[in-house]
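These notes concern the structure reproduced below.
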Amino acid sequence: MHPYIAPLAGLLLAVYILLNVIKSLYEELASPLRHLPGPTGGNPILGHAMRLDGDYSLTQTWQDEFGSNYQYRWFFNKRQLYTTDTKALSHILVNDTLYQKGTIPRRFLGDLLGNGLLVVETEDHRRQRKIFNPAFAVPQIRALTEIFNDKSLHLRDVWLRESPRHFEGRIDVLTWLKKTTLDAIGTAGFHYEFDALQPKNGANELNEALEHVLQSPNQRRDMMRLAQASIPWLKHFPLPGSKAFTDARQKMFTLGAQLLEESKAQISAGVGEELHSGRDLLSVMVRANMASEGQKLSDSDVISQIPTFLVAGHETTSTATASVLHALSCNPGVQSNLRKELFSLATDNPTMDELNSLTYLDHVVRETMRLFPPVGFTTREAMADDVIPLSKPYVDARGLTYHSIEVKRGTTIRIPIAGVHRDKAIWGEDADLFNPERWETIPESASNVPSVWGNLFTFLAGPHNCIGFRFALCEMKSLLFVLVRAFEFREAVPKEEITFTSSPVRRPSVRIEEGKGIQMPLIVIPYSSSEA
Ligand code: HEM
Ligand SMILES: *[C@@H]1O[C@H](CO)[C@@H](O)[C@H](O)[C@H]1NC(C)=O
């Protein structure tokens, strides 16, 4: 490296920080958020960002202390809004022109994903959703159920082999579930075999590349990428991890282009929908795009959905399933009731409708997705000044009552998915308790939660709701159906030791085993009915 590069970068950074500190001091004078309650302190440059980067429960603690609406500080001490008010959240999520993901998150995602559904906004987004929605509708997911069951049985067989090999049958279930959901999205999504559960002729090259960005997430690396997204010229400096990242991106897009060509070729050759190969999401999307009367999407828009679905659908679903298994290990009574219900179906290959007919399974999944939503929060940025209506007024430090919150253009709002799910005003005093039975009659107030599924905020709401929610639920139910019939799950460490990172995907780890990183260890014992 040239000897002046490091001092030059340092100087640029110092100037950048100084300019932003001045800008935020100036904005502070006019910030309408300064009347909201919120935590004090915070670093002059980093605000509360570094504290928020640790255990996710900090925002929850603040919610208990300051109520449903509060503000905290982000980089350069800029105020951000936190609200669990359901009227405010509906207002924000329904208008995707006024409230968008914002420049930095879009750049952060776009660097990896191109112009996929997670990145595009407004008109481009509407065009994409219109063409892709049918691929995720009920009939399509119904047709994919057999693939999910197949992967679930594969995992069952791996665990039957693995469990006796480990002390007391302790297995990190998350690692294996990640491999399984990667295989599932590969086959069901694009008719591609990752072979993550079963490395055939050595490891799959793409899987290895993805290992870096998807399989072994790393908070520090994410912060580095976030810094690059915030300060674009940092890209010109060789930061650690950049090369592996570019490689993974390159491989995903090369594979994407190849899969798209294969899919198009099959469709032109008249391979019908009834065949296994024509059922995957990609084929359905390609067919829909070909048939579209309006403006068609470009190849690169279609290809971008491949990394998008890999990123959006793989770690979320595996974390979700690991959370259910963990909840079952902490609640043996729930586990045995669930197992009883699952054995009422005499098949290893249930249909989607059969899976959905299992009421207790549904309640267990809902309750886990309420208490441990895999995506703990997201954010939106106000594209213009606005006044956000509230369902319940708040009182500021001077005793003044407000029925709405004023925000300036550029204000970031934290959409606290997990916070809404633990709000006692919505769910009652026992909101923090795991209790699947609560779903027999849920409180009236839960109907105010903006939602696409089960009065829950898990998959968000509004035009950017999770397109894959039926896919995820069907896959989870298939996994639980197969695994809970085959194994008994017990706690491997006391539940107080399990913590979650505050990254948007809440990643579990064990406090006393920090060196092991992201994991969800459980004791997994083959189930035999005679023992019960
Ligand atoms: C339990 C599993 C899952 C959870 C909790 C989850 C959660 C979410 C959430 C909260 C969002 C909204 C993000 C935002 O706008 O800020 C979202 C969007 C999205 N999800 Fe999921 N997701 C899951 C599984 C999946 C699966 C399996 C797929 C695909 C196969 C998928 C594909 C997407 C896509 C493409 C978007 C962007 C939608 C848009 O903006 O139009 N997700 N998901
Ligand atoms: C979004 O908000 C803007 C500005 O208030 C308004 O002009 C527009 O009609 C709103 N769009 C929707 C879909 O509500």
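Naming scheme: A, B, ... for chains in displayed order of the structure tokens; residues 1 onward per chain; ligands 1 onward as shown.
All residues of protein, DNA or RNA that reach within 7 Å of segment 381-390 of chain A, judged by only C-alpha atoms and not counting those fewer than 3 positions away in the chain, are Asp85, Lys87, Ala88, His91, Leu98, Tyr99, Gln100, Lys101, Gly102, Pro393, His403, Ser404, Ile405, Glu406, Val407, Lys408, Arg409, Gly410, Thr411, Thr412 and Ile413 of chain A.
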For the selection just defined, write its residues with C-alpha atoms to a file, as a PDB file, in the first residue's frame.
```
ATOM      1  CA  ASP A  85     -48.249   1.954  18.588  1.00  0.00           C
ATOM      2  CA  LYS A  87     -51.958   2.866  14.494  1.00  0.00           C
ATOM      3  CA  ALA A  88     -48.577   4.518  13.946  1.00  0.00           C
ATOM      4  CA  HIS A  91     -49.680   4.395   8.961  1.00  0.00           C
ATOM      5  CA  LEU A  98     -43.570   8.068   2.080  1.00  0.00           C
ATOM      6  CA  TYR A  99     -41.730   5.442   4.135  1.00  0.00           C
ATOM      7  CA  GLN A 100     -38.981   3.443   2.456  1.00  0.00           C
ATOM      8  CA  LYS A 101     -36.073   1.303   3.556  1.00  0.00           C
ATOM      9  CA  GLY A 102     -33.776   4.264   2.952  1.00  0.00           C
ATOM     10  CA  PRO A 393     -51.498   9.702  23.349  1.00  0.00           C
ATOM     11  CA  HIS A 403     -51.890  12.576  19.895  1.00  0.00           C
ATOM     12  CA  SER A 404     -49.376  12.237  17.082  1.00  0.00           C
ATOM     13  CA  ILE A 405     -45.640  12.284  16.431  1.00  0.00           C
ATOM     14  CA  GLU A 406     -44.058  14.732  14.034  1.00  0.00           C
ATOM     15  CA  VAL A 407     -41.108  13.434  12.006  1.00  0.00           C
ATOM     16  CA  LYS A 408     -38.741  15.260   9.675  1.00  0.00           C
ATOM     17  CA  ARG A 409     -37.630  13.957   6.307  1.00  0.00           C
ATOM     18  CA  GLY A 410     -34.688  11.577   6.793  1.00  0.00           C
ATOM     19  CA  THR A 411     -35.817  10.322  10.212  1.00  0.00           C
ATOM     20  CA  THR A 412     -35.277   6.612  10.745  1.00  0.00           C
ATOM     21  CA  ILE A 413     -38.007   4.661  12.482  1.00  0.00           C
TER      22      ILE A 413
END
```
Report task. Compute the set of protein, DNA and RNA residues whose minimum atom distance to ligand 1 is at most 7 Å, using only C-alpha atoms and all ligand atoms, and state it as a VMD selection string. Result -> chain A and resid 101 117 to 118 125 129 185 189 308 to 309 312 to 314 316 to 317 320 373 to 375 378 to 379 458 to 460 463 to 469 471 to 473
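Residues of protein or nucleic acid lying within 7 Å of ligand 2, counting only C-alpha atoms and all ligand atoms, are Val94, Asn95, Asp96, Thr97 and Leu98 of chain A.
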Where does segment 428-483 of chain A meet segment 175-180 of chain A within 12 Å, residue by residue, with the nearest atom pair and distance in Å to one decimal for each, counting only C-alpha atoms, listed by chain and rising number, as CSV?
```
residue,atom,partner,partner_atom,distance
A:Glu475,CA,A:Thr180,CA,10.1
A:Met476,CA,A:Leu177,CA,10.1
A:Ser478,CA,A:Thr180,CA,11.7
A:Leu479,CA,A:Leu177,CA,9.0
A:Leu480,CA,A:Leu177,CA,11.1
A:Leu483,CA,A:Leu177,CA,11.0
```
Requested in this report: Quick one: everything within 10 Å of Leu260 of chain A, counting only C-alpha atoms, minus sequence neighbours fewer than 6 positions away in the same chain. Send it as a PyMOL selection string.
Outcome: chain A and resi 190+266+282-283+286+299-300+302-303+306
